[in-house]
Structures are given as C-alpha cells and as structure tokens.
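Next comes entry-v5.cif, with mmCIF, C-alpha atoms.
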```
data_coords
#
loop_
_atom_site.label_atom_id
_atom_site.label_comp_id
_atom_site.auth_asym_id
_atom_site.auth_seq_id
_atom_site.Cartn_x
_atom_site.Cartn_y
_atom_site.Cartn_z
CA MET A 5 7.39 -44.61 -9.24
CA ARG A 6 7.23 -41.06 -7.88
CA GLU A 7 6.40 -38.25 -10.30
CA ILE A 8 7.84 -34.74 -10.19
CA SER A 9 6.62 -32.08 -12.57
CA ALA A 10 8.88 -29.95 -14.70
CA GLN A 11 7.11 -26.89 -13.29
CA ALA A 12 8.09 -27.85 -9.74
CA ILE A 13 11.71 -28.09 -10.89
CA THR A 14 11.51 -24.69 -12.58
CA GLU A 15 10.07 -23.01 -9.47
CA THR A 16 12.66 -24.65 -7.21
CA VAL A 17 15.62 -23.65 -9.39
CA ALA A 18 14.33 -20.08 -9.62
CA ARG A 19 14.08 -19.83 -5.84
CA LEU A 20 17.52 -21.32 -5.30
CA CYS A 21 19.11 -18.90 -7.77
CA ILE A 22 17.79 -15.95 -5.79
CA GLU A 23 18.60 -17.41 -2.37
CA ALA A 24 22.12 -18.44 -3.32
CA ASN A 25 22.92 -14.95 -4.54
CA SER A 26 21.62 -13.11 -1.49
CA ARG A 27 22.61 -15.32 1.47
CA LEU A 28 25.72 -17.38 2.11
CA SER A 29 25.38 -20.83 3.66
CA PRO A 30 25.87 -20.77 7.47
CA ASP A 31 29.27 -22.51 7.27
CA MET A 32 30.61 -20.00 4.76
CA GLU A 33 29.32 -16.99 6.66
CA HIS A 34 30.81 -18.39 9.87
CA ALA A 35 34.17 -18.79 8.11
CA VAL A 36 34.19 -15.16 6.95
CA ARG A 37 33.21 -13.81 10.36
CA SER A 38 35.70 -16.05 12.15
CA ALA A 39 38.44 -14.83 9.84
CA PHE A 40 37.57 -11.24 10.79
CA GLU A 41 37.86 -12.08 14.49
CA ALA A 42 41.20 -13.84 14.06
CA GLU A 43 42.92 -11.51 11.59
CA GLN A 44 45.69 -9.34 13.10
CA TRP A 45 46.83 -7.22 10.15
CA PRO A 46 44.89 -3.90 10.42
CA ILE A 47 44.16 -3.42 6.70
CA ALA A 48 43.13 -7.05 6.34
CA LYS A 49 40.88 -6.82 9.39
CA THR A 50 39.20 -3.69 8.04
CA THR A 51 38.65 -5.42 4.70
CA LEU A 52 37.10 -8.46 6.35
CA LYS A 53 34.85 -6.17 8.41
CA THR A 54 33.62 -4.62 5.15
CA LEU A 55 32.85 -8.11 3.80
CA CYS A 56 30.88 -8.90 6.97
CA ASP A 57 28.94 -5.65 6.63
CA ASN A 58 28.21 -6.54 3.03
CA LEU A 59 26.73 -9.89 4.10
CA ASP A 60 24.47 -8.07 6.55
CA ALA A 61 23.34 -5.59 3.90
CA ALA A 62 22.58 -8.35 1.40
CA ARG A 63 20.49 -10.23 3.95
CA ASP A 64 18.61 -7.10 5.08
CA THR A 65 17.84 -5.84 1.58
CA GLY A 66 17.57 -9.10 -0.36
CA LEU A 67 20.13 -7.75 -2.82
CA PRO A 68 22.97 -9.88 -4.23
CA ILE A 69 26.08 -10.37 -2.10
CA CYS A 70 28.21 -9.66 -5.19
CA GLN A 71 27.50 -7.83 -8.42
CA ASP A 72 28.80 -10.88 -10.33
CA THR A 73 25.84 -13.20 -9.82
CA GLY A 74 27.64 -15.94 -11.71
CA MET A 75 26.93 -18.61 -14.27
CA ALA A 76 24.44 -21.07 -12.83
CA CYS A 77 25.99 -24.48 -12.16
CA VAL A 78 23.24 -26.95 -11.27
CA PHE A 79 24.00 -30.30 -9.69
CA CYS A 80 21.18 -32.85 -9.65
CA GLU A 81 20.90 -36.22 -7.95
CA ILE A 82 17.96 -38.02 -9.52
CA GLY A 83 16.44 -40.97 -7.69
CA GLN A 84 16.04 -44.03 -9.88
CA GLU A 85 12.40 -44.24 -8.81
CA VAL A 86 11.59 -40.72 -9.99
CA HIS A 87 9.75 -39.92 -13.19
CA ILE A 88 10.05 -36.36 -14.48
CA GLN A 89 6.85 -35.07 -16.09
CA GLY A 90 8.20 -32.88 -18.87
CA ASP A 91 11.61 -31.85 -20.18
CA PHE A 92 14.07 -32.02 -17.29
CA GLU A 93 16.87 -29.84 -18.64
CA ALA A 94 14.48 -27.33 -20.19
CA ALA A 95 12.85 -26.99 -16.77
CA ILE A 96 16.20 -26.14 -15.20
CA HIS A 97 17.04 -23.55 -17.85
CA ALA A 98 13.59 -22.02 -17.40
CA GLY A 99 14.17 -21.86 -13.64
CA VAL A 100 17.46 -20.03 -14.11
CA ALA A 101 15.82 -17.55 -16.49
CA LYS A 102 12.94 -17.00 -14.05
CA GLY A 103 15.18 -16.61 -11.01
CA TYR A 104 17.64 -14.22 -12.64
CA THR A 105 14.85 -12.12 -14.15
CA GLU A 106 12.51 -11.95 -11.17
CA GLY A 107 15.41 -11.57 -8.73
CA PHE A 108 16.92 -8.71 -10.77
CA LEU A 109 20.20 -10.61 -10.87
CA ARG A 110 22.89 -9.59 -13.34
CA LYS A 111 22.75 -11.60 -16.55
CA SER A 112 26.28 -12.51 -17.58
CA VAL A 113 26.02 -15.44 -20.00
CA VAL A 114 26.87 -14.96 -23.68
CA LYS A 115 25.54 -17.03 -26.59
CA ASP A 116 28.89 -17.89 -28.13
CA PRO A 117 32.29 -18.06 -26.41
CA ILE A 118 34.07 -16.16 -29.22
CA ARG A 119 31.39 -14.08 -30.93
CA ARG A 120 29.70 -13.26 -27.59
CA GLY A 121 26.18 -11.72 -27.46
CA ASN A 122 24.31 -11.79 -24.15
CA THR A 123 21.52 -14.39 -23.90
CA GLY A 124 19.49 -11.93 -21.82
CA ASP A 125 18.41 -14.33 -19.06
CA ASN A 126 21.64 -15.95 -17.81
CA THR A 127 20.87 -19.22 -19.55
CA PRO A 128 21.91 -21.81 -20.36
CA ALA A 129 22.88 -23.34 -17.03
CA VAL A 130 25.71 -25.84 -16.71
CA ILE A 131 23.98 -29.04 -15.58
CA HIS A 132 25.54 -32.07 -13.92
CA THR A 133 23.28 -35.05 -13.20
CA ARG A 134 23.78 -38.30 -11.32
CA LEU A 135 21.41 -41.23 -10.88
CA VAL A 136 21.10 -42.42 -7.28
CA PRO A 137 18.88 -44.88 -5.42
CA GLY A 138 15.54 -43.64 -4.09
CA ASP A 139 12.57 -41.52 -5.08
CA ARG A 140 13.84 -38.01 -4.45
CA LEU A 141 15.40 -35.30 -6.58
CA LYS A 142 18.12 -33.19 -5.00
CA ILE A 143 18.96 -29.92 -6.74
CA THR A 144 21.96 -27.76 -5.84
CA VAL A 145 22.40 -24.38 -7.52
CA ALA A 146 25.93 -23.00 -7.28
CA PRO A 147 26.34 -19.66 -9.13
CA LYS A 148 30.00 -19.33 -10.18
CA GLY A 149 31.54 -15.91 -10.57
CA PHE A 150 34.27 -15.64 -13.16
CA GLY A 151 36.78 -13.51 -11.31
CA SER A 152 37.64 -16.70 -9.45
CA GLU A 153 36.74 -19.15 -12.24
CA ASN A 154 39.28 -17.49 -14.52
CA MET A 155 42.04 -18.20 -12.00
CA SER A 156 41.41 -21.96 -12.01
CA ARG A 157 43.81 -24.43 -13.66
CA LEU A 158 44.13 -28.05 -14.74
CA GLY A 159 47.38 -29.95 -15.05
CA MET A 160 48.18 -33.41 -16.36
CA LEU A 161 50.94 -34.37 -13.94
CA LYS A 162 53.13 -37.43 -14.15
CA PRO A 163 52.71 -40.18 -11.54
CA SER A 164 56.32 -39.55 -10.53
CA ASP A 165 55.38 -36.00 -9.51
CA GLY A 166 53.60 -37.57 -6.55
CA GLU A 167 52.24 -35.79 -3.51
CA GLN A 168 54.76 -32.96 -3.76
CA GLY A 169 53.77 -32.30 -7.35
CA VAL A 170 50.12 -31.92 -6.37
CA LYS A 171 50.97 -29.55 -3.53
CA ASP A 172 53.26 -27.47 -5.73
CA PHE A 173 50.59 -27.20 -8.43
CA VAL A 174 47.95 -26.01 -5.94
CA LEU A 175 50.26 -23.46 -4.33
CA GLU A 176 51.46 -22.17 -7.70
CA THR A 177 47.87 -21.74 -8.85
CA VAL A 178 46.98 -19.65 -5.80
CA ARG A 179 50.19 -17.62 -6.03
CA LEU A 180 49.59 -16.84 -9.71
CA ALA A 181 45.99 -15.90 -8.96
CA GLY A 182 47.07 -13.31 -6.40
CA PRO A 183 44.29 -10.82 -5.62
CA ASN A 184 42.33 -11.52 -8.82
CA PRO A 185 39.83 -14.07 -7.40
CA CYS A 186 38.78 -11.67 -4.57
CA PRO A 187 40.27 -13.46 -1.56
CA PRO A 188 39.74 -14.84 0.97
CA ILE A 189 39.16 -17.81 -1.29
CA VAL A 190 38.01 -21.40 -1.02
CA VAL A 191 40.16 -23.82 -3.00
CA GLY A 192 38.63 -26.94 -4.54
CA VAL A 193 41.11 -29.57 -5.67
CA GLY A 194 40.35 -32.59 -7.84
CA VAL A 195 42.94 -35.34 -8.19
CA GLY A 196 42.58 -38.37 -10.45
CA GLY A 197 40.12 -39.64 -13.00
CA THR A 198 40.56 -38.17 -16.46
CA PHE A 199 41.00 -34.65 -17.86
CA GLU A 200 37.34 -33.72 -17.41
CA LYS A 201 36.74 -35.75 -14.23
CA ALA A 202 39.47 -33.91 -12.32
CA ALA A 203 37.86 -30.55 -13.17
CA LEU A 204 34.45 -31.76 -12.04
CA LEU A 205 35.91 -33.13 -8.80
CA ALA A 206 37.47 -29.75 -8.06
CA LYS A 207 34.15 -27.98 -8.54
CA GLN A 208 32.27 -30.57 -6.48
CA ALA A 209 34.79 -30.09 -3.68
CA LEU A 210 33.51 -26.52 -3.36
CA LEU A 211 30.04 -27.86 -2.47
CA ARG A 212 31.35 -29.32 0.77
CA PRO A 213 30.94 -27.24 3.95
CA VAL A 214 33.92 -24.92 4.11
CA GLY A 215 36.50 -26.16 6.56
CA SER A 216 35.23 -29.74 6.44
CA ARG A 217 37.91 -32.39 6.19
CA HIS A 218 38.30 -35.30 3.79
CA PRO A 219 37.31 -38.62 5.44
CA ASP A 220 40.71 -40.11 4.58
CA PRO A 221 43.23 -38.82 7.17
CA TYR A 222 45.93 -38.68 4.49
CA TYR A 223 44.00 -36.16 2.39
CA ALA A 224 42.64 -34.38 5.47
CA ALA A 225 46.23 -33.67 6.53
CA MET A 226 47.07 -32.48 3.01
CA GLU A 227 44.09 -30.09 3.06
CA GLN A 228 45.25 -28.56 6.34
CA GLU A 229 48.87 -28.29 5.21
CA LEU A 230 47.86 -26.57 1.97
CA LEU A 231 45.57 -24.17 3.83
CA ASP A 232 48.37 -23.20 6.21
CA ARG A 233 50.87 -22.74 3.38
CA ILE A 234 48.43 -20.69 1.28
CA ASN A 235 47.77 -18.37 4.20
CA ARG A 236 51.51 -17.88 4.65
CA LEU A 237 51.69 -16.47 1.10
CA GLY A 238 50.53 -13.15 2.53
CA ILE A 239 48.12 -12.27 -0.29
CA GLY A 240 45.37 -11.53 2.23
CA PRO A 241 41.79 -10.27 1.87
CA GLN A 242 41.34 -8.60 -1.51
CA GLY A 243 45.13 -8.74 -1.95
CA PHE A 244 45.93 -6.20 0.79
CA GLY A 245 48.14 -8.57 2.78
CA GLY A 246 47.47 -10.41 6.01
CA GLU A 247 46.95 -13.92 7.30
CA THR A 248 43.68 -14.74 5.55
CA THR A 249 44.19 -15.64 1.92
CA ALA A 250 42.04 -18.81 2.02
CA LEU A 251 39.19 -19.98 4.23
CA GLY A 252 39.40 -23.59 3.17
CA VAL A 253 41.10 -26.17 0.95
CA GLN A 254 38.98 -29.17 -0.02
CA ILE A 255 40.24 -32.17 -1.98
CA GLU A 256 38.24 -34.80 -3.86
CA THR A 257 39.86 -37.81 -5.53
CA TYR A 258 39.02 -40.55 -8.01
CA PRO A 259 40.93 -43.61 -9.29
CA THR A 260 43.03 -42.87 -12.36
CA HIS A 261 45.13 -44.52 -15.06
CA ILE A 262 48.52 -45.94 -14.15
CA ALA A 263 50.18 -43.55 -16.59
CA GLY A 264 48.73 -40.27 -15.34
CA MET A 265 47.74 -37.98 -12.48
CA PRO A 266 45.29 -35.23 -13.51
CA VAL A 267 45.03 -32.37 -11.02
CA ALA A 268 42.53 -29.51 -11.17
CA VAL A 269 42.22 -26.46 -8.95
CA ASN A 270 38.91 -24.60 -8.94
CA ILE A 271 39.09 -21.36 -6.98
CA ASN A 272 36.08 -19.68 -5.45
CA CYS A 273 35.98 -16.21 -3.94
CA HIS A 274 34.71 -15.16 -0.51
CA VAL A 275 31.22 -15.40 -2.04
CA THR A 276 31.29 -19.20 -2.28
CA ARG A 277 27.56 -19.75 -2.65
CA HIS A 278 25.21 -22.62 -3.19
CA LYS A 279 21.72 -23.58 -2.09
CA GLU A 280 20.01 -26.94 -2.33
CA ALA A 281 16.52 -28.39 -2.15
CA VAL A 282 15.07 -31.90 -2.19
CA LEU A 283 11.87 -32.61 -4.08
#
```
Would you write the structure of this file as structure tokens?
Amino acid sequence: MREISAQAITETVARLCIEANSRLSPDMEHAVRSAFEAEQWPIAKTTLKTLCDNLDAARDTGLPICQDTGMACVFCEIGQEVHIQGDFEAAIHAGVAKGYTEGFLRKSVVKDPIRRGNTGDNTPAVIHTRLVPGDRLKITVAPKGFGSENMSRLGMLKPSDGEQGVKDFVLETVRLAGPNPCPPIVVGVGVGGTFEKAALLAKQALLRPVGSRHPDPYYAAMEQELLDRINRLGIGPQGFGGETTALGVQIETYPTHIAGMPVAVNINCHVTRHKEAVL
C-alpha cells in the first residue's frame, strides 16, 4: 500500500491552479495559433492575433490568460493501492485556496447560489473521483469560466430523435450561445447514461486534447461533421464573424436506458485550460 500525504495533494493542487490559469496546454495553444494562420476574414484574423499575443503575455508575465480564473473542477483518479494520509477532499479545497491566493487569481465562488456572498478563496472546488487499479494518484485541475459554462445545456431527447436529434441539439446550443462564450470555443458533448452522467461526460470530453478524435469511427465522423457545421455558422472569434467559431468538438458516450437519450453540451471558451499531475 502506497501512502500519499494530504499536504502533498494540497501543494500539487495549488501549483496546478496557478499553471492552468497562466499557460494553455500545448494542443490548445497550437489550435489557437493554427486558427490564426488559417483564418481569412480580416477582423477574425486580427482578433485571433490578439488572442495569440495574450497567450504570449500571460506566459512572459505569469499572469492569468483570462480575468475569469474559473471555478476549480478537480478530477482525481485514485489507485486502489493508495492510502491518503489525512482528509482527501479537505486537502483539495486547501490547495485551491492556496493556489488562488498565492497566485493572485480572481476569486469568483459564492457561498450560496441564491443569497451569494464570496467565499474569499475560490473554494469549494467541484471534485470528481474515480477508483482505478494501481498505486498512483492522478489529479487534473480544470478551471471553468462561467461565460462559457452559462451557455451549456442538457436535453432529455427521445430515442426516436436519433443521430439527427443529437446533431440538431448541439448546433442549436452553439447558435443560441452566439458570441457569449468568447469563441473560438471547444464543444464537449455527452450522450447517454442518465441526467447527471451526460453532463459529466460532456465536461470530461473537454479534458481530451483538442482536435483529438473519438476511437469509434462513427463518433469521430460525427465530431468532424459538427465542427464543420459549427464553423459555417459564421459566429467567428469573439462574435465578429469568420470561419473560426470552434476549435474542436469532442463527444463522449455511455450506455443508457432503452426509453431515453440524454444529451449534454458543455461549452468552453478559447481559454480551455487544464493541468494534471501524477503523485
């Protein structure tokens, strides 16, 4: 049995919070820069150039890529042969508080969804855990800004809606979102499971490298078709028009009940950020 201290978890989460907010993953940065090179519409190209310059400035200064440093979503894969010394979830919350305070990151979490009141340290985090074989602990911190989160949707479709119903729901969600989620966006789609499982699948889809394709050719083709159709909507970077509304569409699926077909769309902005570490 391998032991990992709560303090090690706290320090790791704190570091990941800061890193995720100041540097995009290589795949995401490549997608933004490639979009700038390919874009033909002058206003859209200028906008994408500004986004590229912003990435450079964040890296050079260590400042956040975006002023909305997000609510911390923390995904953990815990090896079955790992023993945590201390309170696991408390360690994660402490890491978020430490990272957002020491990194001078904006604190956006409120104590109560209706009565509000800032918690002062961006806690609590939203934690998702999964037990896996082995003796390692994998932690992924994915700060989620709410300009894009607010544009996300979940629908309980009928099985008879089929493939076309899923595509229509995704396209309608992006069309209704318009410029609000700060495009170019990355679109996570969850299909199947139950009400809550579909939403989690959609968010997990955003952890995949942008532009990666589903291993099932059927869903890989659907991802590409949706990406092409979204980019033909003409919303463009920051809503100024052009060919680059989305950088990627990523679908995750799960078996579901014979009577239903839950579909969730989780939109992320051009600052689709996450960092991971293995302890």
Task: Target residues per the PyMOL selection byres ((chain A and resi 129-140) around 6), formatted as a VMD selection string - done: chain A and resid 76 to 86 97 127 to 128 141 283
Residue subset to file, keeping C-alpha atoms, as a compact mmCIF listing (two decimals), keeping the file's coordinate frame:
```
# COMPACT_ATOMS: atom_id res chain seq x y z
CA ALA A 76 24.44 -21.07 -12.83
CA CYS A 77 25.99 -24.48 -12.16
CA VAL A 78 23.24 -26.95 -11.27
CA PHE A 79 24.00 -30.30 -9.69
CA CYS A 80 21.18 -32.85 -9.65
CA GLU A 81 20.90 -36.22 -7.95
CA ILE A 82 17.96 -38.02 -9.52
CA GLY A 83 16.44 -40.97 -7.69
CA GLN A 84 16.04 -44.03 -9.88
CA GLU A 85 12.40 -44.24 -8.81
CA VAL A 86 11.59 -40.72 -9.99
CA HIS A 97 17.04 -23.55 -17.85
CA THR A 127 20.87 -19.22 -19.55
CA PRO A 128 21.91 -21.81 -20.36
CA LEU A 141 15.40 -35.30 -6.58
CA LEU A 283 11.87 -32.61 -4.08
```
Open item on the list: My list of candidates is A:Ile239, A:Val174, A:Ala181, A:Ala24. Which is closest to Ala62 in chain A when distances are computed with all atoms listed in the file?
Closed with: A:Ala24
Open item on the list: Take the PyMOL selection byres ((chain A and resi 63-72) around 9), run it mentally on this structure, and tell me the resulting residues as a PyMOL selection string.
Closed with: chain A and resi 22-28+58-62+73-75+107-112+148-151+275
Next, the residues of the selection above should be written as a compact mmCIF listing (two decimals), keeping the file's coordinate frame with C-alpha atoms.
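Dumped to again_9.txt:
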```
# COMPACT_ATOMS: atom_id res chain seq x y z
CA ILE A 22 17.79 -15.95 -5.79
CA GLU A 23 18.60 -17.41 -2.37
CA ALA A 24 22.12 -18.44 -3.32
CA ASN A 25 22.92 -14.95 -4.54
CA SER A 26 21.62 -13.11 -1.49
CA ARG A 27 22.61 -15.32 1.47
CA LEU A 28 25.72 -17.38 2.11
CA ASN A 58 28.21 -6.54 3.03
CA LEU A 59 26.73 -9.89 4.10
CA ASP A 60 24.47 -8.07 6.55
CA ALA A 61 23.34 -5.59 3.90
CA ALA A 62 22.58 -8.35 1.40
CA THR A 73 25.84 -13.20 -9.82
CA GLY A 74 27.64 -15.94 -11.71
CA MET A 75 26.93 -18.61 -14.27
CA GLY A 107 15.41 -11.57 -8.73
CA PHE A 108 16.92 -8.71 -10.77
CA LEU A 109 20.20 -10.61 -10.87
CA ARG A 110 22.89 -9.59 -13.34
CA LYS A 111 22.75 -11.60 -16.55
CA SER A 112 26.28 -12.51 -17.58
CA LYS A 148 30.00 -19.33 -10.18
CA GLY A 149 31.54 -15.91 -10.57
CA PHE A 150 34.27 -15.64 -13.16
CA GLY A 151 36.78 -13.51 -11.31
CA VAL A 275 31.22 -15.40 -2.04
```
TODO: Can you work out which one of A:Arg19, A:Lys207, A:Arg179, A:Lys115 has the shortest atom-to-atom distance to Gly243 in chain A, counting only C-alpha atoms?
DONE: A:Arg179
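The residue set within 10 Å of Val178 in chain A, counting only C-alpha atoms and dropping same-chain residues fewer than 4 places from it, reads A:Met155, A:Ser156, A:Arg157, A:Phe173, A:Val174, A:Gly182, A:Pro183, A:Asn184, A:Pro185, A:Ile189, A:Val191, A:Ile234, A:Leu237, A:Ile239, A:Thr249, A:Ala250, A:Val269, A:Asn270, A:Ile271.
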Can you write just those residues out, C-alpha atoms, as a PDB file, in the frame of the given file?
```pdb
ATOM      1  CA  MET A 155      42.040 -18.200 -12.000  1.00  0.00           C
ATOM      2  CA  SER A 156      41.410 -21.960 -12.010  1.00  0.00           C
ATOM      3  CA  ARG A 157      43.810 -24.430 -13.660  1.00  0.00           C
ATOM      4  CA  PHE A 173      50.590 -27.200  -8.430  1.00  0.00           C
ATOM      5  CA  VAL A 174      47.950 -26.010  -5.940  1.00  0.00           C
ATOM      6  CA  GLY A 182      47.070 -13.310  -6.400  1.00  0.00           C
ATOM      7  CA  PRO A 183      44.290 -10.820  -5.620  1.00  0.00           C
ATOM      8  CA  ASN A 184      42.330 -11.520  -8.820  1.00  0.00           C
ATOM      9  CA  PRO A 185      39.830 -14.070  -7.400  1.00  0.00           C
ATOM     10  CA  ILE A 189      39.160 -17.810  -1.290  1.00  0.00           C
ATOM     11  CA  VAL A 191      40.160 -23.820  -3.000  1.00  0.00           C
ATOM     12  CA  ILE A 234      48.430 -20.690   1.280  1.00  0.00           C
ATOM     13  CA  LEU A 237      51.690 -16.470   1.100  1.00  0.00           C
ATOM     14  CA  ILE A 239      48.120 -12.270  -0.290  1.00  0.00           C
ATOM     15  CA  THR A 249      44.190 -15.640   1.920  1.00  0.00           C
ATOM     16  CA  ALA A 250      42.040 -18.810   2.020  1.00  0.00           C
ATOM     17  CA  VAL A 269      42.220 -26.460  -8.950  1.00  0.00           C
ATOM     18  CA  ASN A 270      38.910 -24.600  -8.940  1.00  0.00           C
ATOM     19  CA  ILE A 271      39.090 -21.360  -6.980  1.00  0.00           C
TER      20      ILE A 271
END
```
Open item on the list: Taking the file as I've supplied it (selection: the PyMOL selection byres ((chain A and resi 263) around 8)), which residues are included? Please answer as an NGL selection string.
Closed with: :A and (162-163 or 261-262 or 264-265)
